[in-house]
file work-v2.cif (mmCIF, N, CA and C atoms)
data_target
loop_
_atom_site.group_PDB
_atom_site.id
_atom_site.type_symbol
_atom_site.label_atom_id
_atom_site.label_comp_id
_atom_site.auth_asym_id
_atom_site.auth_seq_id
_atom_site.Cartn_x
_atom_site.Cartn_y
_atom_site.Cartn_z
ATOM 1 N N MET U 26 24.182 39.262 64.724
ATOM 2 C CA MET U 26 24.522 39.078 63.327
ATOM 3 C C MET U 26 23.372 38.356 62.625
ATOM 4 N N ARG U 27 22.953 38.899 61.487
ATOM 5 C CA ARG U 27 21.870 38.294 60.712
ATOM 6 C C ARG U 27 22.412 37.251 59.757
ATOM 7 N N SER U 28 21.679 36.177 59.587
ATOM 8 C CA SER U 28 22.070 35.160 58.620
ATOM 9 C C SER U 28 21.714 35.622 57.209
ATOM 10 N N TYR U 29 22.266 34.956 56.237
ATOM 11 C CA TYR U 29 21.951 35.275 54.847
ATOM 12 C C TYR U 29 20.471 35.045 54.562
ATOM 13 N N LEU U 30 19.851 34.068 55.212
ATOM 14 C CA LEU U 30 18.423 33.834 55.009
ATOM 15 C C LEU U 30 17.586 34.944 55.632
ATOM 16 N N SER U 31 18.013 35.442 56.777
ATOM 17 C CA SER U 31 17.310 36.572 57.395
ATOM 18 C C SER U 31 17.399 37.802 56.505
ATOM 19 N N ALA U 32 18.555 38.004 55.892
ATOM 20 C CA ALA U 32 18.716 39.143 54.976
ATOM 21 C C ALA U 32 17.797 38.985 53.763
ATOM 22 N N ASP U 33 17.714 37.774 53.221
ATOM 23 C CA ASP U 33 16.810 37.537 52.088
ATOM 24 C C ASP U 33 15.356 37.726 52.503
ATOM 25 N N ALA U 34 15.005 37.259 53.699
ATOM 26 C CA ALA U 34 13.640 37.423 54.199
ATOM 27 C C ALA U 34 13.291 38.908 54.319
ATOM 28 N N ALA U 35 14.224 39.700 54.830
ATOM 29 C CA ALA U 35 13.987 41.140 54.963
ATOM 30 C C ALA U 35 13.844 41.792 53.588
ATOM 31 N N LEU U 36 14.630 41.347 52.622
ATOM 32 C CA LEU U 36 14.524 41.885 51.262
ATOM 33 C C LEU U 36 13.144 41.576 50.688
ATOM 34 N N ILE U 37 12.685 40.359 50.839
ATOM 35 C CA ILE U 37 11.358 40.000 50.325
ATOM 36 C C ILE U 37 10.284 40.835 51.009
ATOM 37 N N ARG U 38 10.364 40.929 52.330
ATOM 38 C CA ARG U 38 9.374 41.721 53.073
ATOM 39 C C ARG U 38 9.344 43.169 52.562
ATOM 40 N N SER U 39 10.499 43.706 52.253
ATOM 41 C CA SER U 39 10.562 45.093 51.769
ATOM 42 C C SER U 39 9.927 45.258 50.394
ATOM 43 N N GLN U 40 9.735 44.160 49.690
ATOM 44 C CA GLN U 40 9.172 44.211 48.345
ATOM 45 C C GLN U 40 7.661 43.969 48.311
ATOM 46 N N VAL U 41 7.052 43.700 49.465
ATOM 47 C CA VAL U 41 5.594 43.538 49.512
ATOM 48 C C VAL U 41 4.989 44.929 49.379
ATOM 49 N N ALA U 42 4.215 45.114 48.332
ATOM 50 C CA ALA U 42 3.704 46.446 47.989
ATOM 51 C C ALA U 42 2.792 47.040 49.059
ATOM 52 N N ASP U 43 2.000 46.236 49.710
ATOM 53 C CA ASP U 43 1.066 46.721 50.716
ATOM 54 C C ASP U 43 1.389 46.044 52.047
ATOM 55 N N GLU U 44 1.961 46.800 52.941
ATOM 56 C CA GLU U 44 2.393 46.250 54.232
ATOM 57 C C GLU U 44 1.235 45.650 55.026
ATOM 58 N N GLU U 45 0.022 46.098 54.772
ATOM 59 C CA GLU U 45 -1.143 45.573 55.483
ATOM 60 C C GLU U 45 -1.417 44.112 55.136
ATOM 61 N N LEU U 46 -0.840 43.622 54.038
ATOM 62 C CA LEU U 46 -1.024 42.231 53.638
ATOM 63 C C LEU U 46 -0.148 41.274 54.450
ATOM 64 N N ILE U 47 0.852 41.821 55.127
ATOM 65 C CA ILE U 47 1.803 40.995 55.862
ATOM 66 C C ILE U 47 1.173 40.551 57.181
ATOM 67 N N PRO U 48 1.067 39.234 57.384
ATOM 68 C CA PRO U 48 0.490 38.757 58.646
ATOM 69 C C PRO U 48 1.360 39.166 59.838
ATOM 70 N N SER U 49 0.719 39.346 60.970
ATOM 71 C CA SER U 49 1.494 39.657 62.173
ATOM 72 C C SER U 49 2.331 38.442 62.554
ATOM 73 N N ASP U 50 3.443 38.697 63.189
ATOM 74 C CA ASP U 50 4.329 37.639 63.677
ATOM 75 C C ASP U 50 4.696 36.660 62.553
ATOM 76 N N SER U 51 5.137 37.197 61.416
ATOM 77 C CA SER U 51 5.388 36.366 60.237
ATOM 78 C C SER U 51 6.869 36.242 59.880
ATOM 79 N N ASP U 52 7.758 36.482 60.833
ATOM 80 C CA ASP U 52 9.188 36.355 60.536
ATOM 81 C C ASP U 52 9.528 34.966 59.996
ATOM 82 N N ASP U 53 8.937 33.926 60.604
ATOM 83 C CA ASP U 53 9.208 32.561 60.149
ATOM 84 C C ASP U 53 8.686 32.330 58.733
ATOM 85 N N LEU U 54 7.543 32.914 58.416
ATOM 86 C CA LEU U 54 6.993 32.795 57.064
ATOM 87 C C LEU U 54 7.961 33.375 56.045
ATOM 88 N N PHE U 55 8.531 34.523 56.343
ATOM 89 C CA PHE U 55 9.455 35.142 55.397
ATOM 90 C C PHE U 55 10.773 34.378 55.292
ATOM 91 N N LEU U 56 11.150 33.662 56.338
ATOM 92 C CA LEU U 56 12.315 32.779 56.218
ATOM 93 C C LEU U 56 12.029 31.647 55.233
ATOM 94 N N ILE U 57 10.806 31.141 55.266
ATOM 95 C CA ILE U 57 10.426 30.101 54.306
ATOM 96 C C ILE U 57 10.399 30.707 52.896
ATOM 97 N N TYR U 58 9.888 31.917 52.773
ATOM 98 C CA TYR U 58 9.916 32.597 51.470
ATOM 99 C C TYR U 58 11.355 32.802 50.998
ATOM 100 N N ALA U 59 12.272 33.045 51.938
ATOM 101 C CA ALA U 59 13.685 33.192 51.570
ATOM 102 C C ALA U 59 14.218 31.909 50.949
ATOM 103 N N LEU U 60 13.782 30.780 51.447
ATOM 104 C CA LEU U 60 14.165 29.507 50.840
ATOM 105 C C LEU U 60 13.639 29.426 49.412
ATOM 106 N N LEU U 61 12.402 29.871 49.202
ATOM 107 C CA LEU U 61 11.868 29.904 47.831
ATOM 108 C C LEU U 61 12.688 30.825 46.942
ATOM 109 N N LEU U 62 13.075 31.960 47.476
ATOM 110 C CA LEU U 62 13.903 32.897 46.716
ATOM 111 C C LEU U 62 15.193 32.215 46.267
ATOM 112 N N ARG U 63 15.822 31.497 47.170
ATOM 113 C CA ARG U 63 17.092 30.864 46.855
ATOM 114 C C ARG U 63 16.926 29.633 45.969
ATOM 115 N N SER U 64 15.801 28.938 46.074
ATOM 116 C CA SER U 64 15.626 27.712 45.297
ATOM 117 C C SER U 64 14.911 27.937 43.969
ATOM 118 N N LYS U 65 13.970 28.870 43.929
ATOM 119 C CA LYS U 65 13.177 29.082 42.716
ATOM 120 C C LYS U 65 13.446 30.427 42.053
ATOM 121 N N GLY U 66 13.870 31.404 42.836
ATOM 122 C CA GLY U 66 14.127 32.731 42.291
ATOM 123 C C GLY U 66 12.900 33.302 41.604
ATOM 124 N N ALA U 67 13.109 33.920 40.454
ATOM 125 C CA ALA U 67 12.028 34.563 39.713
ATOM 126 C C ALA U 67 11.046 33.557 39.122
ATOM 127 N N ASP U 68 11.354 32.273 39.189
ATOM 128 C CA ASP U 68 10.459 31.234 38.675
ATOM 129 C C ASP U 68 9.443 30.766 39.714
ATOM 130 N N VAL U 69 9.415 31.396 40.875
ATOM 131 C CA VAL U 69 8.478 31.011 41.928
ATOM 132 C C VAL U 69 7.042 31.179 41.425
ATOM 133 N N THR U 70 6.174 30.266 41.864
ATOM 134 C CA THR U 70 4.770 30.301 41.442
ATOM 135 C C THR U 70 3.860 30.548 42.645
ATOM 136 N N SER U 71 2.622 30.839 42.339
ATOM 137 C CA SER U 71 1.631 31.002 43.408
ATOM 138 C C SER U 71 1.475 29.717 44.202
ATOM 139 N N SER U 72 1.542 28.596 43.531
ATOM 140 C CA SER U 72 1.447 27.307 44.223
ATOM 141 C C SER U 72 2.613 27.132 45.201
ATOM 142 N N ASP U 73 3.824 27.536 44.792
ATOM 143 C CA ASP U 73 4.991 27.470 45.683
ATOM 144 C C ASP U 73 4.763 28.325 46.927
ATOM 145 N N VAL U 74 4.280 29.535 46.714
ATOM 146 C CA VAL U 74 4.057 30.459 47.831
ATOM 147 C C VAL U 74 2.978 29.910 48.755
ATOM 148 N N HIS U 75 1.928 29.345 48.173
ATOM 149 C CA HIS U 75 0.880 28.761 49.008
ATOM 150 C C HIS U 75 1.435 27.607 49.840
ATOM 151 N N ASP U 76 2.248 26.757 49.221
ATOM 152 C CA ASP U 76 2.845 25.642 49.962
ATOM 153 C C ASP U 76 3.711 26.145 51.120
ATOM 154 N N ALA U 77 4.466 27.199 50.875
ATOM 155 C CA ALA U 77 5.296 27.782 51.939
ATOM 156 C C ALA U 77 4.413 28.323 53.060
ATOM 157 N N TRP U 78 3.355 29.032 52.677
ATOM 158 C CA TRP U 78 2.413 29.546 53.673
ATOM 159 C C TRP U 78 1.792 28.389 54.446
ATOM 160 N N ALA U 79 1.461 27.290 53.751
ATOM 161 C CA ALA U 79 0.831 26.132 54.389
ATOM 162 C C ALA U 79 1.754 25.499 55.433
ATOM 163 N N VAL U 80 3.055 25.456 55.152
ATOM 164 C CA VAL U 80 4.012 24.957 56.150
ATOM 165 C C VAL U 80 3.932 25.837 57.399
ATOM 166 N N TRP U 81 3.997 27.135 57.182
ATOM 167 C CA TRP U 81 3.950 28.096 58.289
ATOM 168 C C TRP U 81 2.635 27.974 59.058
ATOM 169 N N MET U 82 1.524 27.923 58.340
ATOM 170 C CA MET U 82 0.218 27.866 59.002
ATOM 171 C C MET U 82 0.019 26.544 59.728
ATOM 172 N N THR U 83 0.552 25.460 59.206
ATOM 173 C CA THR U 83 0.431 24.166 59.873
ATOM 174 C C THR U 83 1.025 24.225 61.277
ATOM 175 N N MET U 84 2.094 24.992 61.434
ATOM 176 C CA MET U 84 2.720 25.134 62.757
ATOM 177 C C MET U 84 1.902 26.024 63.678
ATOM 178 N N ARG U 85 1.004 26.809 63.110
ATOM 179 C CA ARG U 85 0.231 27.769 63.890
ATOM 180 C C ARG U 85 -1.212 27.312 64.142
ATOM 181 N N ASN U 86 -1.826 26.732 63.094
ATOM 182 C CA ASN U 86 -3.246 26.375 63.172
ATOM 183 C C ASN U 86 -3.538 25.286 62.150
ATOM 184 N N GLU U 87 -3.380 24.051 62.546
ATOM 185 C CA GLU U 87 -3.567 22.917 61.634
ATOM 186 C C GLU U 87 -4.966 22.816 61.049
ATOM 187 N N LYS U 88 -5.904 23.534 61.593
ATOM 188 C CA LYS U 88 -7.288 23.441 61.139
ATOM 189 C C LYS U 88 -7.706 24.608 60.234
ATOM 190 N N HIS U 89 -6.758 25.432 59.810
ATOM 191 C CA HIS U 89 -7.078 26.576 58.955
ATOM 192 C C HIS U 89 -7.743 26.098 57.670
ATOM 193 N N ALA U 90 -8.796 26.781 57.275
ATOM 194 C CA ALA U 90 -9.594 26.361 56.112
ATOM 195 C C ALA U 90 -8.804 26.342 54.805
ATOM 196 N N ALA U 91 -7.757 27.144 54.699
ATOM 197 C CA ALA U 91 -6.992 27.217 53.448
ATOM 198 C C ALA U 91 -5.838 26.215 53.398
ATOM 199 N N LEU U 92 -5.768 25.313 54.361
ATOM 200 C CA LEU U 92 -4.720 24.285 54.342
ATOM 201 C C LEU U 92 -5.155 23.127 53.443
ATOM 202 N N VAL U 93 -5.220 23.448 52.178
ATOM 203 C CA VAL U 93 -5.550 22.492 51.122
ATOM 204 C C VAL U 93 -4.587 22.766 49.972
ATOM 205 N N PRO U 94 -4.436 21.828 49.043
ATOM 206 C CA PRO U 94 -3.577 22.104 47.890
ATOM 207 C C PRO U 94 -4.042 23.361 47.143
ATOM 208 N N PHE U 95 -3.091 24.064 46.555
ATOM 209 C CA PHE U 95 -3.383 25.311 45.851
ATOM 210 C C PHE U 95 -4.511 25.123 44.837
ATOM 211 N N SER U 96 -4.498 24.014 44.121
ATOM 212 C CA SER U 96 -5.503 23.778 43.077
ATOM 213 C C SER U 96 -6.919 23.668 43.640
ATOM 214 N N ASP U 97 -7.057 23.408 44.930
ATOM 215 C CA ASP U 97 -8.374 23.282 45.560
ATOM 216 C C ASP U 97 -8.892 24.596 46.142
ATOM 217 N N LEU U 98 -8.091 25.636 46.104
ATOM 218 C CA LEU U 98 -8.507 26.931 46.642
ATOM 219 C C LEU U 98 -9.462 27.628 45.681
ATOM 220 N N ASP U 99 -10.335 28.465 46.237
ATOM 221 C CA ASP U 99 -11.190 29.274 45.368
ATOM 222 C C ASP U 99 -10.358 30.406 44.766
ATOM 223 N N LYS U 100 -10.898 31.027 43.746
ATOM 224 C CA LYS U 100 -10.180 32.053 42.991
ATOM 225 C C LYS U 100 -9.697 33.207 43.873
ATOM 226 N N GLU U 101 -10.556 33.669 44.770
ATOM 227 C CA GLU U 101 -10.203 34.793 45.639
ATOM 228 C C GLU U 101 -9.054 34.450 46.578
ATOM 229 N N THR U 102 -9.064 33.259 47.134
ATOM 230 C CA THR U 102 -7.996 32.854 48.046
ATOM 231 C C THR U 102 -6.689 32.690 47.279
ATOM 232 N N LYS U 103 -6.760 32.163 46.062
ATOM 233 C CA LYS U 103 -5.557 32.025 45.232
ATOM 234 C C LYS U 103 -4.906 33.391 44.997
ATOM 235 N N LYS U 104 -5.719 34.419 44.815
ATOM 236 C CA LYS U 104 -5.192 35.769 44.551
ATOM 237 C C LYS U 104 -4.364 36.311 45.711
ATOM 238 N N GLU U 105 -4.630 35.831 46.921
ATOM 239 C CA GLU U 105 -3.923 36.330 48.102
ATOM 240 C C GLU U 105 -2.431 36.006 48.066
ATOM 241 N N ASP U 106 -2.039 34.992 47.301
ATOM 242 C CA ASP U 106 -0.625 34.641 47.194
ATOM 243 C C ASP U 106 0.126 35.558 46.224
ATOM 244 N N GLY U 107 -0.602 36.210 45.328
ATOM 245 C CA GLY U 107 0.009 37.034 44.282
ATOM 246 C C GLY U 107 1.001 38.081 44.760
ATOM 247 N N PRO U 108 0.653 38.897 45.752
ATOM 248 C CA PRO U 108 1.597 39.924 46.202
ATOM 249 C C PRO U 108 2.921 39.346 46.716
ATOM 250 N N PHE U 109 2.867 38.150 47.279
ATOM 251 C CA PHE U 109 4.079 37.533 47.818
ATOM 252 C C PHE U 109 4.906 36.897 46.694
ATOM 253 N N VAL U 110 4.224 36.375 45.688
ATOM 254 C CA VAL U 110 4.928 35.895 44.487
ATOM 255 C C VAL U 110 5.691 37.056 43.869
ATOM 256 N N GLN U 111 5.002 38.181 43.703
ATOM 257 C CA GLN U 111 5.630 39.353 43.096
ATOM 258 C C GLN U 111 6.792 39.866 43.947
ATOM 259 N N ALA U 112 6.636 39.852 45.259
ATOM 260 C CA ALA U 112 7.710 40.309 46.152
ATOM 261 C C ALA U 112 8.942 39.416 46.024
ATOM 262 N N ILE U 113 8.730 38.114 45.960
ATOM 263 C CA ILE U 113 9.864 37.188 45.810
ATOM 264 C C ILE U 113 10.521 37.392 44.454
ATOM 265 N N ARG U 114 9.725 37.569 43.408
ATOM 266 C CA ARG U 114 10.288 37.791 42.067
ATOM 267 C C ARG U 114 11.083 39.096 42.009
ATOM 268 N N ARG U 115 10.545 40.154 42.631
ATOM 269 C CA ARG U 115 11.281 41.433 42.663
ATOM 270 C C ARG U 115 12.583 41.277 43.440
ATOM 271 N N ALA U 116 12.526 40.573 44.556
ATOM 272 C CA ALA U 116 13.742 40.345 45.351
ATOM 273 C C ALA U 116 14.768 39.564 44.539
ATOM 274 N N ALA U 117 14.316 38.573 43.781
ATOM 275 C CA ALA U 117 15.232 37.784 42.940
ATOM 276 C C ALA U 117 15.908 38.678 41.907
ATOM 277 N N LYS U 118 15.148 39.562 41.303
ATOM 278 C CA LYS U 118 15.727 40.471 40.297
ATOM 279 C C LYS U 118 16.716 41.437 40.941
ATOM 280 N N LEU U 119 16.410 41.897 42.140
ATOM 281 C CA LEU U 119 17.339 42.786 42.840
ATOM 282 C C LEU U 119 18.634 42.054 43.175
ATOM 283 N N LYS U 120 18.526 40.816 43.614
ATOM 284 C CA LYS U 120 19.720 40.042 43.939
ATOM 285 C C LYS U 120 20.563 39.782 42.695
ATOM 286 N N ILE U 121 19.904 39.485 41.576
ATOM 287 C CA ILE U 121 20.625 39.265 40.323
ATOM 288 C C ILE U 121 21.339 40.551 39.900
ATOM 289 N N GLY U 122 20.639 41.671 40.030
ATOM 290 C CA GLY U 122 21.232 42.959 39.683
ATOM 291 C C GLY U 122 22.427 43.304 40.544
ATOM 292 N N ALA U 123 22.359 42.904 41.814
ATOM 293 C CA ALA U 123 23.441 43.216 42.751
ATOM 294 C C ALA U 123 24.679 42.338 42.508
ATOM 295 N N THR U 124 24.453 41.110 42.043
ATOM 296 C CA THR U 124 25.576 40.197 41.877
ATOM 297 C C THR U 124 25.976 40.006 40.414
ATOM 298 N N GLY U 125 25.082 40.393 39.508
ATOM 299 C CA GLY U 125 25.379 40.204 38.081
ATOM 300 C C GLY U 125 25.142 38.787 37.616
ATOM 301 N N ARG U 126 24.524 37.955 38.465
ATOM 302 C CA ARG U 126 24.181 36.576 38.062
ATOM 303 C C ARG U 126 22.908 36.137 38.695
#
call {"tool": "encode", "arguments": {"input": "work-v2.cif", "output": "structure tokens"}}
result
Amino acid sequence: MRSYLSADAALIRSQVADEELIPSDSDDLFLIYALLLRSKGADVTSSDVHDAWAVWMTMRNEKHAALVPFSDLDKETKKEDGPFVQAIRRAAKLKIGATGR
């Protein structure tokens, strides 16, 4: 049986436009994104997504070069969060459409 967070994570994953952008072994990352979906919904920001990714990456590789605050990232690295922001926003709109709220 899947939890409601697993279902939200799968919905977000299904909304990522380019599957090649999805890191391997990222089920835990999408669970964190599911928390963003439930807490921020369509108001999620790139900074929120980066922070979620940073939690996930900290558990995997504490020395990753992008483990800095979003505001300290270069422009190109900041853009990498965009597809996931859009996926979470699309998932939020789908959930609102399904429930009417």
call {"tool": "closest_residue", "arguments": {"input": "work-v2.cif", "among": "U:Ala34, U:Thr102, U:Phe95, U:Glu87", "to": "Leu54 of chain U", "atoms": "only N, CA and C atoms"}}
result
U:Ala34
call {"tool": "atom_distance", "arguments": {"input": "work-v2.cif", "atom1": "atom CA of Asp53 of chain U", "atom2": "atom CA of Asp99 of chain U"}}
result
25.4 Å
call {"tool": "closest_residue", "arguments": {"input": "work-v2.cif", "among": "U:Ser28, U:Ser64, U:Gln111, U:Thr83", "to": "Ala42 of chain U", "atoms": "all atoms listed in the file"}}
result
U:Gln111
call {"tool": "select_by_dssp", "arguments": {"input": "work-v2.cif", "residues": "segment 68-108 of chain U", "states": "helix (DSSP H, G or I)", "output": "list in words"}}
result
Asp68, Ser71, Ser72, Asp73, Val74, His75, Asp76, Ala77, Trp78, Ala79, Val80, Trp81, Met82, Thr83, Met84, Arg85, Phe95, Ser96, Asp97, Lys100, Glu101, Thr102, Lys103, Lys104, Gly107 and Pro108 of chain U
call {"tool": "closest_residue", "arguments": {"input": "work-v2.cif", "among": "U:Leu56, U:Ala79, U:Met84, U:Ala90", "to": "Asp33 of chain U", "atoms": "all atoms listed in the file"}}
result
U:Leu56
call {"tool": "build_atoms", "arguments": {"input": "work-v2.cif", "residues": "segment 45-59 of chain U", "atoms": "N, CA, C and O atoms", "output": "compact mmCIF listing (two decimals), keeping the file's coordinate frame"}}
result
# COMPACT_ATOMS: atom_id res chain seq x y z
N GLU U 45 0.02 46.10 54.77
CA GLU U 45 -1.14 45.57 55.48
C GLU U 45 -1.42 44.11 55.14
O GLU U 45 -2.14 43.43 55.85
N LEU U 46 -0.84 43.62 54.04
CA LEU U 46 -1.02 42.23 53.64
C LEU U 46 -0.15 41.27 54.45
O LEU U 46 -0.38 40.07 54.45
N ILE U 47 0.85 41.82 55.13
CA ILE U 47 1.80 41.00 55.86
C ILE U 47 1.17 40.55 57.18
O ILE U 47 0.79 41.38 57.99
N PRO U 48 1.07 39.23 57.38
CA PRO U 48 0.49 38.76 58.65
C PRO U 48 1.36 39.17 59.84
O PRO U 48 2.58 39.30 59.71
N SER U 49 0.72 39.35 60.97
CA SER U 49 1.49 39.66 62.17
C SER U 49 2.33 38.44 62.55
O SER U 49 1.97 37.31 62.25
N ASP U 50 3.44 38.70 63.19
CA ASP U 50 4.33 37.64 63.68
C ASP U 50 4.70 36.66 62.55
O ASP U 50 4.57 35.44 62.71
N SER U 51 5.14 37.20 61.42
CA SER U 51 5.39 36.37 60.24
C SER U 51 6.87 36.24 59.88
O SER U 51 7.20 35.90 58.74
N ASP U 52 7.76 36.48 60.83
CA ASP U 52 9.19 36.35 60.54
C ASP U 52 9.53 34.97 60.00
O ASP U 52 10.29 34.83 59.04
N ASP U 53 8.94 33.93 60.60
CA ASP U 53 9.21 32.56 60.15
C ASP U 53 8.69 32.33 58.73
O ASP U 53 9.31 31.62 57.94
N LEU U 54 7.54 32.91 58.42
CA LEU U 54 6.99 32.80 57.06
C LEU U 54 7.96 33.38 56.04
O LEU U 54 8.23 32.77 55.00
N PHE U 55 8.53 34.52 56.34
CA PHE U 55 9.46 35.14 55.40
C PHE U 55 10.77 34.38 55.29
O PHE U 55 11.42 34.41 54.25
N LEU U 56 11.15 33.66 56.34
CA LEU U 56 12.32 32.78 56.22
C LEU U 56 12.03 31.65 55.23
O LEU U 56 12.90 31.26 54.45
N ILE U 57 10.81 31.14 55.27
CA ILE U 57 10.43 30.10 54.31
C ILE U 57 10.40 30.71 52.90
O ILE U 57 10.85 30.08 51.93
N TYR U 58 9.89 31.92 52.77
CA TYR U 58 9.92 32.60 51.47
C TYR U 58 11.36 32.80 51.00
O TYR U 58 11.63 32.75 49.80
N ALA U 59 12.27 33.04 51.94
CA ALA U 59 13.68 33.19 51.57
C ALA U 59 14.22 31.91 50.95
O ALA U 59 15.02 31.95 50.01
